[in-house]
Structures are given as C-alpha cells and as structure tokens.
$ cat target-v9.tsv   # TSV, C-alpha atoms and all ligand atoms
chain	number	residue	atom	x	y	z
A	1	TYR	CA	0.00	0.00	0.00
A	2	MET	CA	1.63	3.23	-1.12
A	3	VAL	CA	0.85	6.33	0.86
A	4	ASP	CA	2.50	9.67	0.15
A	5	LYS	CA	2.44	13.08	1.74
A	6	GLY	CA	0.80	14.82	-1.18
A	7	ASN	CA	1.31	18.57	-0.78
A	8	HIS	CA	2.02	18.31	2.92
A	9	ARG	CA	5.32	18.67	4.74
A	10	HIS	CA	4.62	15.76	7.06
A	11	PHE	CA	2.28	12.81	7.25
A	12	MET	CA	0.94	14.24	10.47
A	13	GLU	CA	-0.13	17.44	8.69
A	14	LYS	CA	-1.72	15.43	5.90
A	15	GLU	CA	-3.54	13.21	8.37
A	16	ILE	CA	-4.83	16.20	10.34
A	17	HIS	CA	-6.23	17.61	7.10
A	18	GLU	CA	-7.87	14.34	6.10
A	19	GLN	CA	-10.10	14.45	9.14
A	20	PRO	CA	-13.26	16.01	7.68
A	21	GLU	CA	-13.31	13.24	5.08
A	22	VAL	CA	-12.44	10.25	7.27
A	23	ILE	CA	-14.74	11.34	10.09
A	24	SER	CA	-17.49	11.54	7.51
A	25	HIS	CA	-16.73	8.01	6.21
A	26	THR	CA	-16.60	6.58	9.70
A	27	LEU	CA	-19.83	8.22	10.85
A	28	ALA	CA	-21.64	7.11	7.69
A	29	HIS	CA	-20.69	3.52	8.53
A	30	TYR	CA	-22.53	3.73	11.87
A	31	LEU	CA	-25.23	6.31	11.25
A	32	ASP	CA	-27.93	6.60	8.64
A	33	PHE	CA	-27.97	10.37	8.13
A	34	ALA	CA	-30.96	10.40	5.80
A	35	GLY	CA	-33.04	8.22	8.11
A	36	GLY	CA	-31.84	10.04	11.23
A	37	VAL	CA	-31.00	6.79	13.02
A	38	SER	CA	-27.98	4.85	14.20
A	39	ARG	CA	-27.48	1.67	12.19
A	40	LYS	CA	-28.19	-1.71	13.75
A	41	LEU	CA	-25.01	-3.55	14.57
A	42	ASP	CA	-24.45	-7.26	14.85
A	43	LEU	CA	-23.14	-7.20	18.41
A	44	PRO	CA	-22.26	-10.21	20.58
A	45	PHE	CA	-24.19	-8.62	23.47
A	46	ASP	CA	-27.36	-6.65	24.06
A	47	PHE	CA	-26.73	-3.11	25.34
A	48	ALA	CA	-30.06	-3.27	27.19
A	49	LYS	CA	-28.84	-6.19	29.30
A	50	LEU	CA	-25.37	-4.96	30.20
A	51	ASP	CA	-24.70	-3.76	33.71
A	52	ARG	CA	-21.24	-2.40	32.89
A	53	LEU	CA	-18.88	-1.85	30.03
A	54	ALA	CA	-15.11	-2.18	30.44
A	55	ILE	CA	-12.94	-0.14	28.07
A	56	SER	CA	-9.20	-0.62	27.86
A	57	ALA	CA	-6.57	0.94	25.58
A	58	CYS	CA	-3.20	2.71	25.48
A	59	GLY	CA	-2.01	6.22	24.66
A	60	THR	CA	-4.27	8.33	22.50
A	61	ALA	CA	-6.69	5.42	22.08
A	62	PHE	CA	-7.10	5.34	25.86
A	63	LEU	CA	-8.08	9.01	25.82
A	64	SER	CA	-10.73	8.41	23.17
A	65	GLY	CA	-12.08	5.63	25.40
A	66	LEU	CA	-12.18	8.05	28.32
A	67	ILE	CA	-14.32	10.45	26.29
A	68	GLY	CA	-16.45	7.43	25.36
A	69	LYS	CA	-17.09	6.84	29.06
A	70	TYR	CA	-18.70	10.29	29.38
A	71	TRP	CA	-20.92	9.53	26.40
A	72	PHE	CA	-21.99	6.02	27.45
A	73	GLU	CA	-22.78	7.15	30.97
A	74	ARG	CA	-24.55	10.35	29.98
A	75	LEU	CA	-26.46	9.19	26.92
A	76	ALA	CA	-27.10	5.53	27.77
A	77	ARG	CA	-26.81	5.46	31.59
A	78	LEU	CA	-24.33	2.62	31.10
A	79	PRO	CA	-21.53	2.60	33.72
A	80	VAL	CA	-18.06	2.34	32.17
A	81	ASP	CA	-14.84	1.15	33.77
A	82	ILE	CA	-11.94	2.51	31.80
A	83	ASP	CA	-8.33	1.52	32.20
A	84	ILE	CA	-4.96	1.94	30.64
A	85	ALA	CA	-4.39	-1.54	29.22
A	86	SER	CA	-1.08	-2.08	31.06
A	87	GLU	CA	-2.96	-1.55	34.33
A	88	PHE	CA	-6.06	-3.47	33.36
A	89	ARG	CA	-4.18	-6.64	32.51
A	90	TYR	CA	-2.70	-6.92	36.01
A	91	ARG	CA	-5.15	-5.25	38.34
A	92	GLU	CA	-7.36	-8.28	38.79
A	93	MET	CA	-10.58	-6.40	38.30
A	94	PRO	CA	-13.65	-8.48	39.15
A	95	ILE	CA	-15.53	-8.93	35.90
A	96	SER	CA	-19.28	-9.04	35.98
A	97	PRO	CA	-20.81	-11.81	33.83
A	98	ASP	CA	-23.30	-9.19	32.59
A	99	SER	CA	-20.61	-6.91	31.26
A	100	ALA	CA	-18.89	-6.56	27.91
A	101	ALA	CA	-15.42	-5.31	27.02
A	102	LEU	CA	-14.35	-2.81	24.41
A	103	PHE	CA	-10.77	-2.36	23.22
A	104	VAL	CA	-9.64	0.67	21.26
A	105	SER	CA	-6.53	0.48	19.12
A	106	GLN	CA	-5.40	2.14	15.91
A	107	SER	CA	-2.92	-0.60	15.02
A	108	GLY	CA	-4.76	-3.51	16.60
A	109	GLU	CA	-1.39	-4.85	17.68
A	110	THR	CA	-0.55	-3.06	20.94
A	111	ALA	CA	0.76	-5.74	23.32
A	112	ASP	CA	-0.88	-4.49	26.51
A	113	THR	CA	-4.25	-3.97	24.82
A	114	LEU	CA	-4.09	-7.47	23.36
A	115	ALA	CA	-3.21	-8.92	26.77
A	116	SER	CA	-6.23	-7.13	28.27
A	117	LEU	CA	-8.41	-8.59	25.57
A	118	ARG	CA	-7.14	-12.09	26.38
A	119	TYR	CA	-7.82	-11.49	30.08
A	120	CYS	CA	-11.46	-10.70	29.22
A	121	ARG	CA	-11.59	-13.72	26.94
A	122	LYS	CA	-10.70	-15.90	29.93
A	123	ALA	CA	-13.47	-14.21	31.91
A	124	ASP	CA	-15.77	-15.24	29.09
A	125	ILE	CA	-17.44	-11.92	28.39
A	126	PRO	CA	-18.28	-10.59	24.91
A	127	ILE	CA	-15.53	-8.54	23.28
A	128	GLY	CA	-15.68	-5.69	20.80
A	129	ALA	CA	-12.71	-3.94	19.23
A	130	ILE	CA	-12.54	-0.47	17.71
A	131	VAL	CA	-9.57	-0.79	15.37
A	132	ASN	CA	-8.20	0.97	12.33
A	133	VAL	CA	-6.31	-2.01	10.93
A	134	ARG	CA	-8.94	-4.57	10.16
A	135	GLU	CA	-6.63	-7.53	9.63
A	136	SER	CA	-4.89	-7.00	12.98
A	137	THR	CA	-4.56	-9.44	15.89
A	138	ILE	CA	-6.96	-7.49	18.13
A	139	ALA	CA	-9.56	-7.44	15.34
A	140	ARG	CA	-9.09	-11.17	14.80
A	141	GLU	CA	-9.42	-12.11	18.46
A	142	SER	CA	-12.49	-10.01	19.21
A	143	ASP	CA	-16.11	-11.10	18.73
A	144	VAL	CA	-16.98	-8.00	16.77
A	145	THR	CA	-14.75	-5.51	14.96
A	146	LEU	CA	-15.96	-1.93	14.93
A	147	PRO	CA	-13.75	-0.33	12.31
A	148	THR	CA	-12.54	3.24	12.20
A	149	LEU	CA	-12.34	4.20	8.54
A	150	ALA	CA	-9.38	6.54	8.93
A	151	GLY	CA	-7.21	4.89	6.27
A	152	PRO	CA	-3.54	4.13	6.95
A	153	GLU	CA	-2.04	6.37	9.63
A	154	ILE	CA	1.69	6.89	9.21
A	155	GLY	CA	2.56	9.67	11.67
A	156	VAL	CA	3.56	8.08	14.97
A	157	ALA	CA	1.38	10.51	16.92
A	158	SER	CA	-2.20	9.46	16.27
A	159	THR	CA	-4.52	12.15	14.89
A	160	LYS	CA	-7.17	11.04	12.41
A	161	ALA	CA	-7.49	7.62	14.08
A	162	PHE	CA	-8.36	9.45	17.32
A	163	THR	CA	-11.22	11.50	15.88
A	164	CYS	CA	-12.49	8.41	14.04
A	165	GLN	CA	-12.41	6.45	17.32
A	166	LEU	CA	-14.48	9.26	18.84
A	167	SER	CA	-16.88	9.04	15.90
A	168	VAL	CA	-17.38	5.31	16.52
A	169	LEU	CA	-17.75	5.75	20.28
A	170	ALA	CA	-20.34	8.53	19.92
A	171	SER	CA	-22.31	6.42	17.44
A	172	LEU	CA	-22.11	3.38	19.75
A	173	ALA	CA	-23.25	5.43	22.74
A	174	ILE	CA	-26.30	6.52	20.73
A	175	ARG	CA	-26.94	2.88	19.80
A	176	ALA	CA	-26.65	1.95	23.48
A	177	GLY	CA	-28.99	4.74	24.54
A	178	VAL	CA	-31.62	3.66	22.01
A	179	ALA	CA	-31.35	0.03	23.21
A	180	ARG	CA	-31.55	1.04	26.87
A	181	GLY	CA	-34.46	3.40	26.34
A	182	THR	CA	-32.60	6.53	27.43
A	183	ILE	CA	-32.65	8.04	23.94
A	184	SER	CA	-36.03	8.70	22.34
A	185	PRO	CA	-36.45	8.55	18.55
A	186	GLU	CA	-36.55	12.39	18.47
A	187	LYS	CA	-33.36	12.63	20.48
A	188	GLU	CA	-31.70	10.03	18.25
A	189	ARG	CA	-32.63	12.05	15.17
A	190	LYS	CA	-31.22	15.20	16.74
A	191	LEU	CA	-27.94	13.54	17.78
A	192	VAL	CA	-27.47	11.92	14.37
A	193	ARG	CA	-28.07	15.26	12.67
A	194	GLU	CA	-25.58	16.97	14.98
A	195	LEU	CA	-22.94	14.32	14.32
A	196	SER	CA	-23.49	14.67	10.59
A	197	GLU	CA	-22.30	18.27	10.93
A	198	ALA	CA	-18.93	17.28	12.42
A	199	PRO	CA	-17.01	17.07	9.12
A	200	ARG	CA	-18.12	20.57	8.08
A	201	TYR	CA	-17.10	22.09	11.42
A	202	ALA	CA	-13.81	20.20	11.32
A	203	GLY	CA	-13.13	21.79	7.94
A	204	GLN	CA	-13.79	25.25	9.42
A	205	VAL	CA	-11.36	24.61	12.25
A	206	LEU	CA	-8.60	23.58	9.84
A	207	ARG	CA	-8.84	27.07	8.38
A	208	LEU	CA	-7.70	28.53	11.71
A	209	ASP	CA	-4.20	27.23	10.92
A	210	ARG	CA	-2.55	30.66	10.59
A	211	GLN	CA	-3.66	31.72	14.05
A	212	ILE	CA	-2.79	28.37	15.61
A	213	GLU	CA	0.63	28.52	13.97
A	214	LYS	CA	1.16	31.94	15.54
A	215	VAL	CA	0.28	30.59	18.99
A	216	ALA	CA	2.61	27.63	18.43
A	217	ARG	CA	5.47	30.02	17.58
A	218	GLU	CA	5.01	31.44	21.10
A	219	LEU	CA	4.64	28.05	22.77
A	220	ALA	CA	7.93	26.89	21.28
A	221	HIS	CA	9.72	29.31	23.67
A	222	TYR	CA	8.54	27.56	26.81
A	223	LYS	CA	9.75	24.50	28.68
A	224	HIS	CA	6.49	23.61	30.42
A	225	VAL	CA	2.85	23.81	29.44
A	226	LEU	CA	-0.28	23.04	31.44
A	227	TYR	CA	-3.47	21.97	29.68
A	228	LEU	CA	-6.79	22.24	31.53
A	229	GLY	CA	-10.33	21.11	30.76
A	230	ARG	CA	-13.47	19.80	32.42
A	231	ASP	CA	-15.82	17.00	31.40
A	232	THR	CA	-14.91	15.64	27.95
A	233	ASN	CA	-12.36	18.45	27.67
A	234	TYR	CA	-10.39	16.83	30.47
A	235	PRO	CA	-9.37	13.82	28.34
A	236	LEU	CA	-8.73	16.30	25.53
A	237	ALA	CA	-6.45	18.31	27.83
A	238	MET	CA	-4.51	15.09	28.45
A	239	GLU	CA	-4.43	14.41	24.72
A	240	GLY	CA	-3.12	17.93	24.07
A	241	ALA	CA	-0.38	17.44	26.64
A	242	LEU	CA	0.47	13.98	25.30
A	243	LYS	CA	0.79	15.32	21.75
A	244	LEU	CA	3.03	18.20	22.85
A	245	LYS	CA	5.31	15.84	24.77
A	246	GLU	CA	5.46	13.28	21.99
A	247	ILE	CA	6.40	15.49	19.10
A	248	SER	CA	7.73	18.82	20.41
A	249	TYR	CA	9.42	17.38	23.54
A	250	ILE	CA	8.00	20.22	25.62
A	251	HIS	CA	7.00	19.01	29.05
A	252	ALA	CA	3.23	19.21	29.32
A	253	GLU	CA	0.59	18.09	31.78
A	254	GLY	CA	-3.11	17.66	31.15
A	255	TYR	CA	-5.27	18.23	34.20
A	256	ALA	CA	-8.93	18.33	35.12
A	257	ALA	CA	-9.49	22.07	35.66
A	258	GLY	CA	-11.13	21.39	39.02
A	259	GLU	CA	-7.92	19.75	40.25
A	260	LEU	CA	-5.91	22.92	39.64
A	261	LYS	CA	-6.13	23.91	43.29
A	262	HIS	CA	-4.97	20.47	44.43
A	263	GLY	CA	-1.48	20.76	43.03
A	264	PRO	CA	-0.67	22.34	39.69
A	265	ILE	CA	-1.59	25.83	40.92
A	266	ALA	CA	1.73	25.78	42.80
A	267	LEU	CA	3.52	25.80	39.46
A	268	ILE	CA	1.70	28.76	37.92
A	269	ASP	CA	3.91	31.68	36.91
A	270	GLU	CA	4.70	33.57	33.73
A	271	HIS	CA	6.99	30.77	32.56
A	272	MET	CA	4.29	28.14	32.12
A	273	PRO	CA	1.50	28.91	29.66
A	274	VAL	CA	-1.86	27.39	30.54
A	275	ILE	CA	-3.97	26.17	27.64
A	276	VAL	CA	-7.62	26.00	28.60
A	277	ILE	CA	-10.11	24.04	26.50
A	278	ALA	CA	-13.50	25.51	27.32
A	279	PRO	CA	-16.38	25.64	24.90
A	280	HIS	CA	-19.44	27.35	26.32
A	281	ASP	CA	-21.03	24.33	28.01
A	282	ARG	CA	-22.88	23.54	31.24
A	283	ILE	CA	-19.75	24.06	33.35
A	284	PHE	CA	-18.14	26.90	31.44
A	285	GLU	CA	-18.44	29.29	34.41
A	286	LYS	CA	-16.47	26.88	36.60
A	287	THR	CA	-13.64	26.83	34.11
A	288	VAL	CA	-13.71	30.63	33.88
A	289	SER	CA	-13.12	30.82	37.62
A	290	ASN	CA	-10.14	28.46	37.21
A	291	MET	CA	-8.79	30.83	34.58
A	292	GLN	CA	-9.19	33.72	37.00
A	293	GLU	CA	-7.12	31.80	39.54
A	294	VAL	CA	-4.41	31.31	36.91
A	295	ALA	CA	-4.51	34.95	35.78
A	296	ALA	CA	-4.33	36.22	39.40
A	297	ARG	CA	-1.01	34.38	39.75
A	298	GLY	CA	0.53	35.84	36.63
A	299	GLY	CA	-0.16	32.78	34.49
A	300	LYS	CA	-0.49	33.26	30.75
A	301	ILE	CA	-3.64	31.77	29.29
A	302	ILE	CA	-4.32	30.43	25.85
A	303	LEU	CA	-8.05	29.88	25.66
A	304	ILE	CA	-9.64	27.54	23.15
A	305	THR	CA	-13.34	28.28	23.16
A	306	ASP	CA	-16.30	29.10	20.92
A	307	LYS	CA	-17.92	32.40	19.95
A	308	LYS	CA	-20.26	32.37	22.92
A	309	GLY	CA	-17.46	31.47	25.35
A	310	ALA	CA	-15.19	34.19	23.98
A	311	SER	CA	-17.90	36.81	24.43
A	312	LEU	CA	-18.65	35.73	27.99
A	313	SER	CA	-15.17	35.22	29.42
A	314	SER	CA	-13.78	38.34	31.02
A	315	VAL	CA	-10.37	36.85	31.73
A	316	GLU	CA	-7.38	38.35	30.01
A	317	THR	CA	-5.66	35.85	27.74
A	318	MET	CA	-2.41	35.71	25.84
A	319	GLU	CA	-4.44	34.41	22.92
A	320	THR	CA	-8.00	33.19	22.37
A	321	ILE	CA	-8.66	30.64	19.65
A	322	VAL	CA	-12.31	30.96	18.72
A	323	LEU	CA	-14.03	27.94	17.22
A	324	PRO	CA	-17.54	27.93	15.81
A	325	ASP	CA	-20.36	27.21	18.28
A	326	VAL	CA	-20.92	23.46	17.87
A	327	PRO	CA	-23.43	20.98	19.34
A	328	GLU	CA	-22.21	19.40	22.59
A	329	ILE	CA	-22.05	15.85	21.19
A	330	ILE	CA	-19.47	16.77	18.54
A	331	ALA	CA	-17.39	19.17	20.65
A	332	PRO	CA	-14.75	16.54	21.58
A	333	ILE	CA	-14.24	15.69	17.89
A	334	ILE	CA	-13.98	19.34	16.84
A	335	TYR	CA	-11.80	20.47	19.76
A	336	ALA	CA	-9.33	17.65	19.06
A	337	LEU	CA	-8.21	19.53	15.95
A	338	PRO	CA	-6.77	22.74	17.46
A	339	VAL	CA	-5.05	20.57	20.06
A	340	GLN	CA	-3.38	18.46	17.34
A	341	MET	CA	-2.54	21.54	15.26
A	342	LEU	CA	-0.92	23.30	18.24
A	343	ALA	CA	1.34	20.30	18.86
A	344	TYR	CA	2.11	19.96	15.17
A	345	PHE	CA	3.12	23.58	14.57
A	346	THR	CA	5.07	23.74	17.83
A	347	ALA	CA	7.05	20.67	16.79
A	348	VAL	CA	7.72	22.23	13.38
A	349	PHE	CA	9.10	25.36	15.11
A	350	MET	CA	11.21	23.18	17.39
A	351	GLY	CA	12.58	21.38	14.34
A	352	THR	CA	11.85	17.90	15.64
A	353	ASP	CA	11.17	14.81	13.56
A	354	VAL	CA	7.40	15.24	13.57
A	355	ASP	CA	6.41	11.93	11.97
A	356	GLN	CA	8.96	9.83	13.82
A	357	PRO	CA	9.64	11.36	17.21
A	358	ARG	CA	12.59	10.00	19.15
A	359	ASN	CA	12.09	6.89	21.29
A	360	LEU	CA	8.50	6.33	20.16
A	361	ALA	CA	7.02	3.63	17.94
A	362	LYS	CA	3.83	3.66	15.92
A	363	SER	CA	2.83	0.28	17.18
A	364	VAL	CA	4.11	-1.04	20.49
A	365	THR	CA	4.07	-4.81	20.20
A	366	VAL	CA	6.27	-5.46	23.23
A	367	GLU	CA	5.27	-4.98	26.83
A	401	LIG	C1	1.85	4.33	20.51
A	401	LIG	C2	1.57	5.46	19.52
A	401	LIG	C3	0.34	6.26	19.97
A	401	LIG	C4	-0.82	5.34	20.17
A	401	LIG	C5	-0.51	4.20	21.15
A	401	LIG	C6	-1.59	3.15	21.14
A	401	LIG	O1	2.30	4.87	21.70
A	401	LIG	O2	2.69	6.31	19.41
A	401	LIG	O3	0.03	7.25	18.99
A	401	LIG	O4	-1.91	6.09	20.67
A	401	LIG	O5	0.68	3.54	20.75
A	401	LIG	O6	-1.58	2.51	19.89
A	401	LIG	P1	-2.81	1.77	19.27
A	401	LIG	O7	-2.32	1.27	17.94
A	401	LIG	O8	-3.16	0.65	20.19
A	401	LIG	O9	-3.91	2.75	19.15

$ encode --input "target-v9.tsv" --output "structure tokens" --more "lines below"
Ligand code: G6P
Amino acid sequence: YMVDKGNHRHFMEKEIHEQPEVISHTLAHYLDFAGGVSRKLDLPFDFAKLDRLAISACGTAFLSGLIGKYWFERLARLPVDIDIASEFRYREMPISPDSAALFVSQSGETADTLASLRYCRKADIPIGAIVNVRESTIARESDVTLPTLAGPEIGVASTKAFTCQLSVLASLAIRAGVARGTISPEKERKLVRELSEAPRYAGQVLRLDRQIEKVARELAHYKHVLYLGRDTNYPLAMEGALKLKEISYIHAEGYAAGELKHGPIALIDEHMPVIVIAPHDRIFEKTVSNMQEVAARGGKIILITDKKGASLSSVETMETIVLPDVPEIIAPIIYALPVQMLAYFTAVFMGTDVDQPRNLAKSVTVE
C-alpha cells in the first residue's frame, strides 16, 4: 500500500487535514444520516442487558475511550470502567458476567491492549474492538470488529485515528442509549443530525491554521505547558499534553481544571502557559473561575473556546482561539483539531522529527 504526503510537509499534517473526510466516512458507517437513526449492529451482546462496560486501551486510544465513558454514561446510563491496558491486565478487576469489554486500538497490535483482551476472553465476556487495521490481531481475536475508517495512519502521533475512534464511540453510545431506552427517537434524530455536521465544522477549524501557527510560535519558547479542561475536555487536555510531549518534547501536563487547586496551581507563573479548552457548556463558568485563579497568579492563558465562550469570558488571555459554536455531542471531535494543530506547529518550530519522534514507535508490540 503506497501512501505519500501529497502537498504536505509531514504525514501528520496530511492526516490532520484528512479528518473532515475520514470522520465523515466513519460516521456514515454507523449512522444513517438520511433516516436520522444509528445503524443496527451485529453485536455479541445486548446493550439493554449490560450492567457495565469495560474499556481498555493505550495512549491516545485510551483518551478516546475516556471520552467514550462520558458519552456512554450520559447518553445511555451505562456505567463504564476505563483503564490503561497495562494496568487493566494486572489489576485483577472483578468482571461481571453481565458486562462486555471494548478495546480501542489504531494498530490492533498493541501488546498491553491485546493482553487485556485475552484477560477478558478468559473471563468469558463478549468482546468488541474499535480498530483501524482490520486484519490486525486485536480485530481477529475479538467477537466484533468496529472499524474506524481513517485509512492508513503513518505519523507516529495518532490524529485522524483518534477523531475516528471518537466518531465510533459517539455512534455506539447513541446505539446503546436507544437500546436502553434513554434516547427517544426524536433525540436520536437530533444527535445523528448533529454528528453529521462534524465534518463541516472540522473543515472550518482547519482554516484557523494561521492563528494556531502563531500561537505555536510562542509556545515553542517555553519549557512547560499546562493543559486544563473539564468534562470531555479533560481527556482532551490530556491528549493535548500527550501530543506536545510526543512530538515537540516540551513538558506538558493535562489536568482536570477542578484539580488545579490540588497541586498544579503551585507551578503557575509567567513561565508556564496554561492552555484551557473551554467551549461554552454547562460548566463553562467553573472553568472561567479556574482561569481567573491562573490569571491572578501571573499565568499566561491560551483559551480555546467558541464564539459564545469568547464573548462571555472576562479573563485576560495571551491568545484566544475561537471555534464555531458546535453541538455538545461533537465538541470533543472538533476540539481535538486545534489541540493536534498546536502540537504539530510547535514541533515544526522546534525542528523535531514530527512523523517519527525520538524513542517512540507507531505500534508497540512489546510490553
Ligand atoms: C503508541 C503510539 C500512539 C498510540 C498508542 C496506542 O504509543 O505512538 O500514537 O496512541 O501507541 O496505539 P494503538 O495502535 O493501540 O492505538
């Protein structure tokens, strides 16, 4: 299979730009846009009968699973246990016979994720796998493969596979909610319509590249960065920090904004920019007060928000990246893009090997 960079400098840049298209393909596989419904899936379990769902994965795939937890619990009232696969495989979690397991992996070959799958196999519960490589070991050993249609991902730092994993998880959560009676037909139609708008919004966000590049030029001067977010923006904050570490080698931490006062606030000064992911959502005001705490201590804030959020936040920022106002269900998919673009441009300014960062591998097949 030949893949080239086209007009892009790096595979990562190309893969970031492919997102509107691959998100659209992936969503269309799970959702019937015209009919306004989620498609029936041939699952080895019945969502209505599950008492829990266990999700396990590594790296960026783990963070998509963590966002999935918010969706399954909120939309389908289905409790989710989520673990990093290297912890899951050894932590001797009691597995309910009425549960199912879901593994998320771009490559389908990650050793710890595969070991977690085999642990669940021994416990004899049904197993689903969200994978990008359909002929992979994890796909083969699961009872059902839920593909992400991202196409081959070459850049070591996962980008398009992540937003496609989110697309599958959101679709599955809708499916689960319908099966469990927590999503009415009207609500299903609304959610499906909102998801169908994700590719268009993603395209709009890609056009913010000049501004994001400018912010990245600044970021490249710092040694430490703190990312904050609440709710589904908390896993995204961790994803933003992970991406920065991986490809620009800048030390970064992703924190739940509410935990600021329990530790990271001690680090705040003018030498550590704080990137806050805060669309105008149900807890926006809480995040604004966290930003005030940062600003009062001389911290420099880069705010990633939407039009409404930008107009309502009175906090002084170093820069505000304003995204379109998007429906809540697609926010994690859309906000993933500026986070990836910030890491990408910062790495370009740092002159690192963006597609093959030092010490990292695309697929980690050893423990
Ligand atoms: C490596 C890659 C990450 C990826 C993780 C999990 O660390 O560098 O980008 O998120 O493995 O890989 P998987 O193929 O299981 O998604």

$ residues_near_ligand --input "target-v9.tsv" --ligand "ligand LIG 401 (chain A)" --cutoff "9 Å" --atoms "all atoms listed in the file" --output "PyMOL selection string"
chain A and resi 57-63+103-114+131-133+155-159+161-162+243+246+357+360-364

$ residues_near_point --input "target-v9.tsv" --point "(-21.9, -10.5, 29.6)" --cutoff "10 Å" --atoms "only C-alpha atoms" --output "ChimeraX atom specification"
/A:44-47,49-53,95-101,123-127

$ closest_residue --input "target-v9.tsv" --among "A:Val37, A:Glu270, A:Arg282, A:Leu342" --to "A:Asp209" --atoms "all atoms listed in the file"
A:Leu342

$ closest_residue --input "target-v9.tsv" --among "A:His271, A:Arg230, A:Arg297, A:Arg189" --to "A:Phe33" --atoms "only C-alpha atoms"
A:Arg189

$ atom_distance --input "target-v9.tsv" --atom1 "atom CA of A:Val168" --atom2 "atom CA of A:Leu146"
7.5 Å

$ closest_residue --input "target-v9.tsv" --among "A:Leu149, A:Ile55, A:Leu75, A:Leu31" --to "A:Ala176" --atoms "only C-alpha atoms"
A:Leu75

$ closest_residue --input "target-v9.tsv" --among "A:Leu219, A:Ile247, A:Ala34, A:Met291" --to "A:Met272" --atoms "all atoms listed in the file"
A:Leu219

$ axis_aligned_box --input "target-v9.tsv" --around "stretch 342-352 of chain A" --padding-each-side "5 Å" --output "JSON"
{"center_x": 5.8, "center_y": 21.6, "center_z": 16.1, "size_x": 23.5, "size_y": 17.5, "size_z": 15.5}

$ atom_distance --input "target-v9.tsv" --atom1 "atom CA of A:Ile302" --atom2 "atom CA of A:Pro273"
7.1 Å

$ atom_distance --input "target-v9.tsv" --atom1 "atom CA of A:Ile275" --atom2 "atom CA of A:Ala237"
8.2 Å

$ closest_residue --input "target-v9.tsv" --among "A:Ser248, A:Thr182, A:Thr320, A:Gln292" --to "A:Val348" --atoms "all atoms listed in the file"
A:Ser248

$ decode --input "target-v9.tsv" --residues "stretch 297-350 of chain A" --atoms "C-alpha atoms" --output "PDB file, in the first residue's frame"
ATOM      1  CA  ARG A 297      -1.007  34.376  39.751  1.00  0.00           C
ATOM      2  CA  GLY A 298       0.534  35.841  36.631  1.00  0.00           C
ATOM      3  CA  GLY A 299      -0.158  32.778  34.492  1.00  0.00           C
ATOM      4  CA  LYS A 300      -0.487  33.259  30.750  1.00  0.00           C
ATOM      5  CA  ILE A 301      -3.638  31.775  29.286  1.00  0.00           C
ATOM      6  CA  ILE A 302      -4.324  30.426  25.847  1.00  0.00           C
ATOM      7  CA  LEU A 303      -8.052  29.880  25.661  1.00  0.00           C
ATOM      8  CA  ILE A 304      -9.638  27.538  23.148  1.00  0.00           C
ATOM      9  CA  THR A 305     -13.343  28.283  23.159  1.00  0.00           C
ATOM     10  CA  ASP A 306     -16.298  29.099  20.920  1.00  0.00           C
ATOM     11  CA  LYS A 307     -17.922  32.399  19.955  1.00  0.00           C
ATOM     12  CA  LYS A 308     -20.260  32.370  22.920  1.00  0.00           C
ATOM     13  CA  GLY A 309     -17.456  31.474  25.351  1.00  0.00           C
ATOM     14  CA  ALA A 310     -15.193  34.195  23.976  1.00  0.00           C
ATOM     15  CA  SER A 311     -17.901  36.806  24.432  1.00  0.00           C
ATOM     16  CA  LEU A 312     -18.648  35.734  27.993  1.00  0.00           C
ATOM     17  CA  SER A 313     -15.173  35.221  29.416  1.00  0.00           C
ATOM     18  CA  SER A 314     -13.782  38.340  31.023  1.00  0.00           C
ATOM     19  CA  VAL A 315     -10.373  36.847  31.729  1.00  0.00           C
ATOM     20  CA  GLU A 316      -7.381  38.352  30.007  1.00  0.00           C
ATOM     21  CA  THR A 317      -5.664  35.846  27.745  1.00  0.00           C
ATOM     22  CA  MET A 318      -2.411  35.713  25.836  1.00  0.00           C
ATOM     23  CA  GLU A 319      -4.443  34.408  22.925  1.00  0.00           C
ATOM     24  CA  THR A 320      -7.996  33.187  22.367  1.00  0.00           C
ATOM     25  CA  ILE A 321      -8.659  30.644  19.653  1.00  0.00           C
ATOM     26  CA  VAL A 322     -12.305  30.957  18.717  1.00  0.00           C
ATOM     27  CA  LEU A 323     -14.032  27.938  17.219  1.00  0.00           C
ATOM     28  CA  PRO A 324     -17.539  27.927  15.809  1.00  0.00           C
ATOM     29  CA  ASP A 325     -20.358  27.209  18.278  1.00  0.00           C
ATOM     30  CA  VAL A 326     -20.923  23.459  17.867  1.00  0.00           C
ATOM     31  CA  PRO A 327     -23.429  20.984  19.344  1.00  0.00           C
ATOM     32  CA  GLU A 328     -22.214  19.404  22.586  1.00  0.00           C
ATOM     33  CA  ILE A 329     -22.046  15.850  21.189  1.00  0.00           C
ATOM     34  CA  ILE A 330     -19.472  16.771  18.543  1.00  0.00           C
ATOM     35  CA  ALA A 331     -17.392  19.166  20.648  1.00  0.00           C
ATOM     36  CA  PRO A 332     -14.747  16.540  21.575  1.00  0.00           C
ATOM     37  CA  ILE A 333     -14.236  15.694  17.892  1.00  0.00           C
ATOM     38  CA  ILE A 334     -13.982  19.336  16.836  1.00  0.00           C
ATOM     39  CA  TYR A 335     -11.798  20.473  19.763  1.00  0.00           C
ATOM     40  CA  ALA A 336      -9.333  17.654  19.058  1.00  0.00           C
ATOM     41  CA  LEU A 337      -8.212  19.527  15.953  1.00  0.00           C
ATOM     42  CA  PRO A 338      -6.773  22.736  17.461  1.00  0.00           C
ATOM     43  CA  VAL A 339      -5.050  20.565  20.056  1.00  0.00           C
ATOM     44  CA  GLN A 340      -3.380  18.455  17.344  1.00  0.00           C
ATOM     45  CA  MET A 341      -2.537  21.543  15.263  1.00  0.00           C
ATOM     46  CA  LEU A 342      -0.919  23.297  18.236  1.00  0.00           C
ATOM     47  CA  ALA A 343       1.339  20.297  18.863  1.00  0.00           C
ATOM     48  CA  TYR A 344       2.105  19.964  15.170  1.00  0.00           C
ATOM     49  CA  PHE A 345       3.124  23.575  14.572  1.00  0.00           C
ATOM     50  CA  THR A 346       5.067  23.738  17.833  1.00  0.00           C
ATOM     51  CA  ALA A 347       7.049  20.673  16.792  1.00  0.00           C
ATOM     52  CA  VAL A 348       7.718  22.230  13.384  1.00  0.00           C
ATOM     53  CA  PHE A 349       9.095  25.360  15.109  1.00  0.00           C
ATOM     54  CA  MET A 350      11.209  23.183  17.391  1.00  0.00           C
TER      55      MET A 350
END
